[in-house]
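Visitor: Below are the structure tokens for one structure; questions will follow.
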Amino acid sequence: MDASVQAPEKASNRQIVGACPHDCPDTCSFVTTVEDGRAVRVRGNPAHGPTDGVLCAKVSRYTERTYHPQRVLTPLRRTGPKGSGRFEPVGWDEALADIAARLAAIAGRDAQAILPYSYAGTMGLVQGESMDRRFFHRLGASLLDRTICSTAGGTALAYTLGGKLGMKVEFFAEARLILIWGSNSIASNLHFWRLAQQARREGARLVCIDPRRTDTADKCDEHIQLLPGTDAALALALMHELIAHDWLDHDYIERHTLGWPALKERAQLWNPERAAAVCGVPAQQIRDLARAYGTTRPAAIRLNYGMQRVHGGGNAVRAIACLPALTGAWRHRAGGVLLSSGGHFPVDRATLQRPDLLAGRAPRTINMVQIGDALLHPGGGDFGPRLEALVVYNSNPVAVAPESGKVVQGFAREDLFTVVLEHFMTDTADHADYVLPATTQLEHWDIHAAYGHTDVLLNRPAIEPPGQARSNAAVFRELAARMGFDEPCFADSDEALCRQAYGDAVKWDELLAHGFASLPVPDAPFAEGGFPTPSGRCEFHSAALAAQGQDGLPDHVPNYELPVPGGRYPLAMISPPARNFLNSSFVNVQSLRDMEGEPLLEIHPQDAAARGIASGDVVRVFNDRGSYRVKAEVCTRARPGVVNGLGIWWRKFGLAGTNVNELTSQKLTDMGRGPVFYDCVVEVAAA
Ligand code: SF4
């Protein structure tokens, strides 16, 4: 499709190619039909291979979100108490002047008292990590450790394979065995699921490994419903069986791996019976899976991030990422593992983000997972100055950050100055001093990497911003000007930032012409080894990890919180995404909320019967951190001993203004300082 467009203001009955901005591995190319300046339809781009003309239900309804009657269209200033949601419209000039003055006053004392807070509300490199980073670097604000999703797994891949690298997604269609590990692909990786279905039509066997019986599990040939946080134990037992039956590729191990004797010794401690006791699945099921994985070629593993949101998430990803090197699965383009393809993208982040603007300063770093504790810290000691200002964009931390009782308390501080760039009045926006109306993907330029395929995508604006909405980059450009930041980089336009993102590494003309450009990634990236690790091998043993005092080998690291039958908290809880939402995005789109119904807690019939709970009952779910109210659904989507609190509902749409993150903890993973959302024990009682 020709992506050429006129200036948006001249738009009339045209089709404009863009990119889905949401936090999803598929990063679809989409085509917006514009009639008389209004977007009337958004559909999948048939010319883009990974998208194949199909969008998920969420983004197919993008015009409903774009023209939502509750969209924030003017800057707003708070008039009521924090969290009351009472605001008045204010002009941009007045808002920006006041925000700049307040930030400058704080920076005059210590700029580290200011914290940006952003994540993947848009995955766009321009609206998500360019002018904003320049602004905060120049200011000397605290740095944010952006850990809330994927850092345990990403760090683990780096120690094992050398980066966020893996199979090319298109070749899953040629696999004969696919392990779908920790992924409800139908809901959160739809285009991979289409490839898996294609493989199945050609005779492949699909095995789903997940504590929840998801839609995906229903449609696979087998479901291994293990306990949360036990994936490493399962992977080690698979290794045990590969060794016991000599389903190993000795040549590959010899030439392309590091630390085999030590890993072999470790794996031999994990016979299927031991793993079965830890994982809560039959030993025979583990044996059968090992046989299938050891004897089927090509065999592929699609990992997703859910399983790494536990204490031992990094170790679990390392253990699983070792498997293809043991069997030589990497030799085939349809063999190996894929968690993220993000490491293939040559993004020029130094140019986009300009860390040199720190000019030798080294501000402290605050982990976004622990924003609750950070906001409540009185300041002093190792922590440094008390947080006085937050600028939130592309994120809704009041709903999504763990231990939300503390997060809400922190955001409710009357002495905290909070600015939120948003499309809608989210739970976080309700706590702002200023809400600034942000553009959506249909209204601004952006450029994208992906983590589920290897194409760069360009997003052109299809329509004029409604009301007074401005792009994030424009807001930070204007704040920079008002604060007297006169470095030339603060004058770069959004389109210029798009061009800078990849420099000469990707052909701009190709992006302009088609809306996407494929990276030159080999079909079978590790067929001949060549891992970009320090040793050049797949590192079963990591000297870098050992040097940090960690176990150099992958192992099973038990959850921080283990349910104790008969104890105060006898149930484990996970909080997987509701199918029609994407993190906390789309929760306010009525048609999607209608499909989703209401916040639900899935509980197994045995656990429900023991508590006198029936489907439809309102229950109280609680632990030492808090309590939330939700309707129970008694079903076998939950396994015995584990409840599934589907998320992430905005608190204001939940019962009693709560959501599942009332219960999750601010503890961190073994690697990457990530969150442990699925490492949580609770009790459930009829309300
Ligand atoms: S959310 Fe994912 S599947 Fe849906 S349109 Fe965006 S990239 Fe595609």
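Numbering starts fresh at 1 for the residues of each chain in the structure tokens, the chains themselves are lettered A, B, ... in the order given, and ligands are numbered from 1 as they appear.
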List every residue of chain A that has an atom at most 8 Å from any atom of ligand 1, and for each one report the closest atom pair and its distance in Å to one decimal, counting only C-alpha atoms and all ligand atoms, with rows sorted by chain and then by increasing residue number, as a Markdown table.
Guide:
| residue | atom | partner | partner_atom_place_in_ligand_line | distance |
| --- | --- | --- | --- | --- |
| A:Ala19 | CA | ligand 1 | 7 (S) | 7.9 |
| A:Cys20 | CA | ligand 1 | 6 (Fe) | 4.6 |
| A:Pro21 | CA | ligand 1 | 6 (Fe) | 6.5 |
| A:His22 | CA | ligand 1 | 1 (S) | 5.4 |
| A:Asp23 | CA | ligand 1 | 1 (S) | 6.8 |
| A:Cys24 | CA | ligand 1 | 2 (Fe) | 4.5 |
| A:Pro25 | CA | ligand 1 | 2 (Fe) | 6.4 |
| A:Asp26 | CA | ligand 1 | 7 (S) | 4.2 |
| A:Thr27 | CA | ligand 1 | 7 (S) | 3.7 |
| A:Cys28 | CA | ligand 1 | 8 (Fe) | 4.3 |
| A:Ser29 | CA | ligand 1 | 8 (Fe) | 7.6 |
| A:Phe30 | CA | ligand 1 | 5 (S) | 7.6 |
| A:Gly44 | CA | ligand 1 | 5 (S) | 7.4 |
| A:Thr51 | CA | ligand 1 | 8 (Fe) | 7.0 |
| A:Val54 | CA | ligand 1 | 8 (Fe) | 7.6 |
| A:Leu55 | CA | ligand 1 | 5 (S) | 4.4 |
| A:Cys56 | CA | ligand 1 | 4 (Fe) | 4.1 |
| A:Ala57 | CA | ligand 1 | 4 (Fe) | 6.9 |
| A:Lys58 | CA | ligand 1 | 4 (Fe) | 6.0 |
| A:Val59 | CA | ligand 1 | 5 (S) | 4.9 |
| A:Ser60 | CA | ligand 1 | 5 (S) | 7.0 |
| A:Ser188 | CA | ligand 1 | 2 (Fe) | 6.8 |
| A:Asn189 | CA | ligand 1 | 3 (S) | 6.3 |
| A:Leu190 | CA | ligand 1 | 3 (S) | 5.6 |
| A:His191 | CA | ligand 1 | 3 (S) | 6.6 |
| A:Leu582 | CA | ligand 1 | 1 (S) | 7.2 |
Visitor: Any chance you could export the current selection's N, CA and C atoms as an mmCIF file, in the first residue's frame?
Guide:
data_model
loop_
_atom_site.group_PDB
_atom_site.id
_atom_site.type_symbol
_atom_site.label_atom_id
_atom_site.label_comp_id
_atom_site.auth_asym_id
_atom_site.auth_seq_id
_atom_site.Cartn_x
_atom_site.Cartn_y
_atom_site.Cartn_z
ATOM 1 N N ALA A 19 0.838 2.749 12.794
ATOM 2 C CA ALA A 19 1.328 1.610 13.572
ATOM 3 C C ALA A 19 0.570 1.555 14.885
ATOM 4 N N CYS A 20 0.207 0.355 15.295
ATOM 5 C CA CYS A 20 -0.452 0.237 16.604
ATOM 6 C C CYS A 20 0.567 0.571 17.697
ATOM 7 N N PRO A 21 0.204 1.461 18.610
ATOM 8 C CA PRO A 21 1.178 1.911 19.624
ATOM 9 C C PRO A 21 1.170 1.108 20.910
ATOM 10 N N HIS A 22 0.317 0.108 21.005
ATOM 11 C CA HIS A 22 0.078 -0.488 22.324
ATOM 12 C C HIS A 22 1.119 -1.541 22.696
ATOM 13 N N ASP A 23 1.137 -1.845 23.998
ATOM 14 C CA ASP A 23 2.152 -2.733 24.557
ATOM 15 C C ASP A 23 1.770 -4.176 24.264
ATOM 16 N N CYS A 24 2.094 -4.596 23.076
ATOM 17 C CA CYS A 24 1.697 -5.902 22.551
ATOM 18 C C CYS A 24 2.812 -6.333 21.613
ATOM 19 N N PRO A 25 3.188 -7.607 21.629
ATOM 20 C CA PRO A 25 4.306 -8.026 20.784
ATOM 21 C C PRO A 25 4.046 -7.873 19.289
ATOM 22 N N ASP A 26 2.780 -7.768 18.899
ATOM 23 C CA ASP A 26 2.456 -7.869 17.471
ATOM 24 C C ASP A 26 2.753 -6.597 16.673
ATOM 25 N N THR A 27 2.784 -5.432 17.316
ATOM 26 C CA THR A 27 3.054 -4.143 16.651
ATOM 27 C C THR A 27 2.516 -4.148 15.218
ATOM 28 N N CYS A 28 1.212 -4.056 15.110
ATOM 29 C CA CYS A 28 0.543 -4.145 13.811
ATOM 30 C C CYS A 28 0.696 -2.861 13.007
ATOM 31 N N SER A 29 0.734 -3.033 11.704
ATOM 32 C CA SER A 29 0.598 -1.899 10.792
ATOM 33 C C SER A 29 -0.897 -1.739 10.525
ATOM 34 N N PHE A 30 -1.407 -0.512 10.662
ATOM 35 C CA PHE A 30 -2.834 -0.338 10.390
ATOM 36 C C PHE A 30 -3.090 0.771 9.397
ATOM 37 N N GLY A 44 -6.419 -3.630 9.766
ATOM 38 C CA GLY A 44 -5.077 -4.185 9.626
ATOM 39 C C GLY A 44 -4.556 -3.995 8.217
ATOM 40 N N THR A 51 1.180 -8.453 10.239
ATOM 41 C CA THR A 51 -0.197 -8.043 10.548
ATOM 42 C C THR A 51 -1.198 -8.847 9.721
ATOM 43 N N VAL A 54 -5.059 -8.080 9.731
ATOM 44 C CA VAL A 54 -5.938 -8.373 10.883
ATOM 45 C C VAL A 54 -5.512 -7.555 12.098
ATOM 46 N N LEU A 55 -6.470 -6.943 12.760
ATOM 47 C CA LEU A 55 -6.228 -6.300 14.056
ATOM 48 C C LEU A 55 -7.031 -7.040 15.117
ATOM 49 N N CYS A 56 -6.632 -6.864 16.355
ATOM 50 C CA CYS A 56 -7.423 -7.457 17.436
ATOM 51 C C CYS A 56 -8.696 -6.636 17.647
ATOM 52 N N ALA A 57 -9.596 -7.178 18.435
ATOM 53 C CA ALA A 57 -10.881 -6.506 18.680
ATOM 54 C C ALA A 57 -10.688 -5.136 19.312
ATOM 55 N N LYS A 58 -9.639 -5.003 20.117
ATOM 56 C CA LYS A 58 -9.424 -3.741 20.837
ATOM 57 C C LYS A 58 -9.145 -2.598 19.861
ATOM 58 N N VAL A 59 -8.216 -2.826 18.968
ATOM 59 C CA VAL A 59 -7.772 -1.728 18.104
ATOM 60 C C VAL A 59 -8.662 -1.594 16.870
ATOM 61 N N SER A 60 -9.394 -2.639 16.536
ATOM 62 C CA SER A 60 -10.400 -2.503 15.480
ATOM 63 C C SER A 60 -11.399 -1.408 15.846
ATOM 64 N N SER A 188 -3.270 -11.992 23.849
ATOM 65 C CA SER A 188 -2.192 -11.001 23.923
ATOM 66 C C SER A 188 -1.076 -11.190 22.906
ATOM 67 N N ASN A 189 -1.260 -12.072 21.953
ATOM 68 C CA ASN A 189 -0.231 -12.267 20.914
ATOM 69 C C ASN A 189 -0.925 -12.938 19.722
ATOM 70 N N LEU A 190 -2.001 -12.279 19.287
ATOM 71 C CA LEU A 190 -2.938 -12.860 18.328
ATOM 72 C C LEU A 190 -2.269 -13.335 17.037
ATOM 73 N N HIS A 191 -1.315 -12.559 16.549
ATOM 74 C CA HIS A 191 -0.727 -12.903 15.250
ATOM 75 C C HIS A 191 0.200 -14.098 15.356
ATOM 76 N N LEU A 582 -5.897 -3.959 27.531
ATOM 77 C CA LEU A 582 -4.465 -4.125 27.358
ATOM 78 C C LEU A 582 -3.802 -3.348 28.491
#
Visitor: Within 7 Å of region 148-165 of chain A, counting only C-alpha atoms, which residues qualify if same-chain residues fewer than 5 places away don't, as a list of chain:residue names?
Guide: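 My reading of the contact set: A:Tyr305, A:Gln308, A:Gly313, A:Gly314, A:Asn315, A:Val317, A:Arg318, A:Ala321, A:Ser340, A:Ser341, A:Gly342, A:Gly343, A:His344, A:Met368, A:Val369, A:Phe531, A:Pro532, A:Thr533, A:Cys538, A:Glu539, A:Phe540, A:Ser542, A:Thr669, A:Met671, A:Gly672, A:Arg673, A:Gly674, A:Pro675.
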Visitor: Using DSSP on the backbone coordinates, identify the residues of region 514-647 of chain A assigned to alpha helix (DSSP H); present them as number ranges by chain.
Guide: A: 514, 543-547, 590-596, 605-610
Visitor: Env of Ala283 (chain A): 12 Å cut, atoms = only C-alpha atoms, seq-sep filter 3 positions within chain, self excluded. Answer as JSON, numbers by chain.
Guide: {"A": [224, 226, 233, 234, 237, 238, 241, 270, 271, 272, 273, 274, 275, 276, 277, 278, 279, 280, 286, 287, 288, 289, 290]}
Visitor: Under the rule that only C-alpha atoms are counted, which of A:Asp210, A:Glu422, A:Glu202, A:Glu464 is the nearest residue to Leu179 (chain A)?
Guide: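 Once distances to Leu179 (chain A) are computed over only C-alpha atoms, the minimum belongs to A:Asp210.
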Visitor: Between A:Ala329, A:Leu242, A:Ala572, A:Ala232, which one has atoms that come closest to Glu528 (chain A), using only C-alpha atoms?
Guide: A:Ala329
Visitor: Near Pro116 (chain A), within 9 Å and counting only C-alpha atoms, which residues show up once chain neighbours fewer than 3 positions away are dropped, as number ranges by chain?
Guide: A: 132-133, 136, 141-144, 389-393
Visitor: Write out the residues from the selection above, keeping C-alpha atoms, as a PDB file, in the first residue's frame.
Guide:
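File written: result.pdb
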ATOM      1  CA  ASP A 132      10.693  13.767  27.406  1.00  0.00           C
ATOM      2  CA  ARG A 133      14.025  12.141  28.219  1.00  0.00           C
ATOM      3  CA  PHE A 136      14.389  15.422  32.260  1.00  0.00           C
ATOM      4  CA  ALA A 141      15.486  15.031  37.546  1.00  0.00           C
ATOM      5  CA  SER A 142      15.544  11.623  39.216  1.00  0.00           C
ATOM      6  CA  LEU A 143      15.895   8.792  36.729  1.00  0.00           C
ATOM      7  CA  LEU A 144      13.122   6.216  36.506  1.00  0.00           C
ATOM      8  CA  ALA A 389       6.787  16.568  41.784  1.00  0.00           C
ATOM      9  CA  LEU A 390       5.719  13.815  39.400  1.00  0.00           C
ATOM     10  CA  VAL A 391       5.179  14.104  35.663  1.00  0.00           C
ATOM     11  CA  VAL A 392       3.210  11.092  34.454  1.00  0.00           C
ATOM     12  CA  TYR A 393       2.731  10.172  30.797  1.00  0.00           C
TER      13      TYR A 393
END
Visitor: Excluding Met131 (chain A) and its own-chain neighbours fewer than 4 positions away, which residues fall within 7 Å of it when counting only C-alpha atoms? Please give them as JSON, numbers by chain.
Guide: {"A": [135, 353, 473, 476, 477]}
Visitor: For those residues, write N, CA and C atoms to a file as a tab-separated table (two decimals), in the first residue's frame.
Guide:
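Writing done, so here's result_20.tsv:
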chain	number	residue	atom	x	y	z
A	135	PHE	N	14.31	16.40	28.10
A	135	PHE	CA	13.87	17.40	29.07
A	135	PHE	C	14.32	17.03	30.49
A	353	GLN	N	17.50	10.33	23.18
A	353	GLN	CA	17.28	10.65	24.60
A	353	GLN	C	18.30	11.62	25.18
A	473	ALA	N	5.74	14.89	22.79
A	473	ALA	CA	6.99	15.56	22.42
A	473	ALA	C	6.78	17.07	22.36
A	476	PHE	N	6.77	18.56	25.95
A	476	PHE	CA	8.10	18.68	26.57
A	476	PHE	C	8.96	19.72	25.83
A	477	ARG	N	8.73	19.87	24.53
A	477	ARG	CA	9.45	20.90	23.77
A	477	ARG	C	9.07	22.28	24.34
Visitor: Find the spatial neighbours of Glu633 (chain A), counting only C-alpha atoms, within a cut-off of 10 Å - ignore same-chain residues fewer than 4 positions away - and output them as a list in words.
Guide: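 Answer for this query is Pro599, Leu600, Leu601, Glu602, Ile603, His604, Pro605, Ala608, Ile613, Ala614, Ser615, Gly616, Asp617, Val618, Arg637, Ala638, Val643 and Asn644 of chain A.
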Visitor: Store the residues picked out above, limited to C-alpha atoms, as an mmCIF file, in the first residue's frame.
Guide:
data_model
loop_
_atom_site.group_PDB
_atom_site.id
_atom_site.type_symbol
_atom_site.label_atom_id
_atom_site.label_comp_id
_atom_site.auth_asym_id
_atom_site.auth_seq_id
_atom_site.Cartn_x
_atom_site.Cartn_y
_atom_site.Cartn_z
ATOM 1 C CA PRO A 599 -14.099 -7.442 37.434
ATOM 2 C CA LEU A 600 -13.915 -11.155 38.188
ATOM 3 C CA LEU A 601 -12.019 -13.506 40.432
ATOM 4 C CA GLU A 602 -11.832 -17.019 39.043
ATOM 5 C CA ILE A 603 -11.841 -19.652 41.777
ATOM 6 C CA HIS A 604 -11.823 -23.424 41.482
ATOM 7 C CA PRO A 605 -15.020 -25.250 42.572
ATOM 8 C CA ALA A 608 -15.211 -22.068 46.355
ATOM 9 C CA ILE A 613 -18.884 -19.175 47.536
ATOM 10 C CA ALA A 614 -21.040 -19.419 44.398
ATOM 11 C CA SER A 615 -20.595 -17.790 41.001
ATOM 12 C CA GLY A 616 -21.815 -14.214 41.069
ATOM 13 C CA ASP A 617 -21.192 -13.739 44.785
ATOM 14 C CA VAL A 618 -19.298 -10.635 45.758
ATOM 15 C CA ARG A 637 -10.033 -21.791 34.632
ATOM 16 C CA ALA A 638 -8.504 -21.553 38.097
ATOM 17 C CA VAL A 643 -7.203 -17.783 42.151
ATOM 18 C CA ASN A 644 -7.074 -15.552 39.077
#
Visitor: Using only C-alpha atoms, which residues sit within 12 Å of Asp218 (chain A) once same-chain residues fewer than 2 positions away are excluded, as number ranges by chain?
Guide: A: 184-186, 206-210, 212-216, 220-225, 636-637
Visitor: Could you turn the residues from that selection into a file that holds N, CA, C and O atoms, as an mmCIF file, in the first residue's frame?
Guide:
data_model
loop_
_atom_site.group_PDB
_atom_site.id
_atom_site.type_symbol
_atom_site.label_atom_id
_atom_site.label_comp_id
_atom_site.auth_asym_id
_atom_site.auth_seq_id
_atom_site.Cartn_x
_atom_site.Cartn_y
_atom_site.Cartn_z
ATOM 1 N N ASN A 184 -1.109 -16.280 27.086
ATOM 2 C CA ASN A 184 -2.462 -16.465 26.565
ATOM 3 C C ASN A 184 -2.477 -15.797 25.193
ATOM 4 O O ASN A 184 -2.952 -14.677 25.021
ATOM 5 N N SER A 185 -1.940 -16.489 24.218
ATOM 6 C CA SER A 185 -1.647 -15.870 22.918
ATOM 7 C C SER A 185 -2.895 -15.344 22.226
ATOM 8 O O SER A 185 -2.839 -14.320 21.540
ATOM 9 N N ILE A 186 -4.004 -16.014 22.399
ATOM 10 C CA ILE A 186 -5.219 -15.551 21.723
ATOM 11 C C ILE A 186 -5.565 -14.141 22.180
ATOM 12 O O ILE A 186 -6.014 -13.307 21.398
ATOM 13 N N LEU A 206 0.542 -28.550 19.861
ATOM 14 C CA LEU A 206 0.654 -27.334 20.672
ATOM 15 C C LEU A 206 0.449 -27.692 22.141
ATOM 16 O O LEU A 206 -0.552 -28.331 22.492
ATOM 17 N N VAL A 207 1.394 -27.256 22.966
ATOM 18 C CA VAL A 207 1.293 -27.499 24.407
ATOM 19 C C VAL A 207 1.319 -26.151 25.114
ATOM 20 O O VAL A 207 2.224 -25.347 24.894
ATOM 21 N N CYS A 208 0.325 -25.923 25.936
ATOM 22 C CA CYS A 208 0.240 -24.676 26.690
ATOM 23 C C CYS A 208 0.694 -24.929 28.129
ATOM 24 O O CYS A 208 0.247 -25.888 28.757
ATOM 25 N N ILE A 209 1.585 -24.081 28.623
ATOM 26 C CA ILE A 209 2.085 -24.206 29.999
ATOM 27 C C ILE A 209 1.695 -22.926 30.726
ATOM 28 O O ILE A 209 2.208 -21.845 30.413
ATOM 29 N N ASP A 210 0.755 -23.037 31.653
ATOM 30 C CA ASP A 210 0.179 -21.820 32.240
ATOM 31 C C ASP A 210 -0.607 -22.207 33.492
ATOM 32 O O ASP A 210 -1.359 -23.189 33.458
ATOM 33 N N ARG A 212 -3.154 -20.811 34.538
ATOM 34 C CA ARG A 212 -4.581 -20.587 34.282
ATOM 35 C C ARG A 212 -4.999 -21.377 33.040
ATOM 36 O O ARG A 212 -4.240 -21.438 32.063
ATOM 37 N N ARG A 213 -6.205 -21.938 33.073
ATOM 38 C CA ARG A 213 -6.725 -22.565 31.855
ATOM 39 C C ARG A 213 -7.338 -21.450 31.003
ATOM 40 O O ARG A 213 -8.492 -21.096 31.135
ATOM 41 N N THR A 214 -6.509 -20.901 30.144
ATOM 42 C CA THR A 214 -6.894 -19.752 29.326
ATOM 43 C C THR A 214 -7.631 -20.213 28.073
ATOM 44 O O THR A 214 -7.714 -21.416 27.782
ATOM 45 N N ASP A 215 -8.113 -19.249 27.294
ATOM 46 C CA ASP A 215 -8.687 -19.577 25.979
ATOM 47 C C ASP A 215 -7.659 -20.330 25.139
ATOM 48 O O ASP A 215 -7.983 -21.255 24.393
ATOM 49 N N THR A 216 -6.412 -19.899 25.253
ATOM 50 C CA THR A 216 -5.335 -20.540 24.483
ATOM 51 C C THR A 216 -5.157 -21.985 24.947
ATOM 52 O O THR A 216 -5.034 -22.900 24.118
ATOM 53 N N CYS A 220 -5.246 -25.687 22.742
ATOM 54 C CA CYS A 220 -4.019 -26.452 22.504
ATOM 55 C C CYS A 220 -4.296 -27.948 22.676
ATOM 56 O O CYS A 220 -5.328 -28.355 23.195
ATOM 57 N N ASP A 221 -3.328 -28.758 22.250
ATOM 58 C CA ASP A 221 -3.500 -30.208 22.383
ATOM 59 C C ASP A 221 -3.352 -30.649 23.825
ATOM 60 O O ASP A 221 -3.903 -31.676 24.229
ATOM 61 N N GLU A 222 -2.589 -29.882 24.581
ATOM 62 C CA GLU A 222 -2.371 -30.270 25.974
ATOM 63 C C GLU A 222 -2.158 -29.012 26.801
ATOM 64 O O GLU A 222 -1.607 -28.011 26.309
ATOM 65 N N HIS A 223 -2.597 -29.079 28.039
ATOM 66 C CA HIS A 223 -2.378 -27.963 28.959
ATOM 67 C C HIS A 223 -1.668 -28.487 30.190
ATOM 68 O O HIS A 223 -2.151 -29.428 30.840
ATOM 69 N N ILE A 224 -0.545 -27.881 30.519
ATOM 70 C CA ILE A 224 0.166 -28.215 31.752
ATOM 71 C C ILE A 224 -0.085 -27.069 32.716
ATOM 72 O O ILE A 224 0.457 -25.970 32.561
ATOM 73 N N GLN A 225 -0.923 -27.326 33.699
ATOM 74 C CA GLN A 225 -1.422 -26.245 34.563
ATOM 75 C C GLN A 225 -0.595 -26.211 35.849
ATOM 76 O O GLN A 225 -1.052 -26.580 36.933
ATOM 77 N N THR A 636 -13.165 -23.932 36.374
ATOM 78 C CA THR A 636 -11.879 -24.632 36.343
ATOM 79 C C THR A 636 -10.837 -23.869 35.520
ATOM 80 O O THR A 636 -9.781 -24.419 35.220
ATOM 81 N N ARG A 637 -11.124 -22.620 35.173
ATOM 82 C CA ARG A 637 -10.033 -21.791 34.632
ATOM 83 C C ARG A 637 -8.981 -21.571 35.717
ATOM 84 O O ARG A 637 -7.821 -21.367 35.441
#
Visitor: Just the number, please: distance in Å from CA of Ala374 (chain A) to CA of Asp430 (chain A), one decimal.
Guide: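 The value is 19.6 Å.
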Visitor: Once DSSP has gone over the backbone, tell me which residues of region 386-548 of chain A are in strand (DSSP E), as an NGL selection string.
Guide: :A and (389-393 or 417-422 or 434-437 or 446-448 or 455-459 or 516-518 or 538-539)
Visitor: Go through A:Gly410, A:Pro466, A:Gly306, A:Gly53 one by one, measure the shortest atom-to-atom distance of each to Pro69 (chain A) using only C-alpha atoms, and give the residue with the smallest value.
Guide: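 Of all the options, A:Pro466 lies closest to Pro69 (chain A).
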Visitor: Kindly indicate which residue among A:Ala449, A:Val630, A:Ala105, A:Met167 lies nearest to Ala527 (chain A), using only C-alpha atoms for the distances.
Guide: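 Once distances to Ala527 (chain A) are computed over only C-alpha atoms, the minimum belongs to A:Met167.
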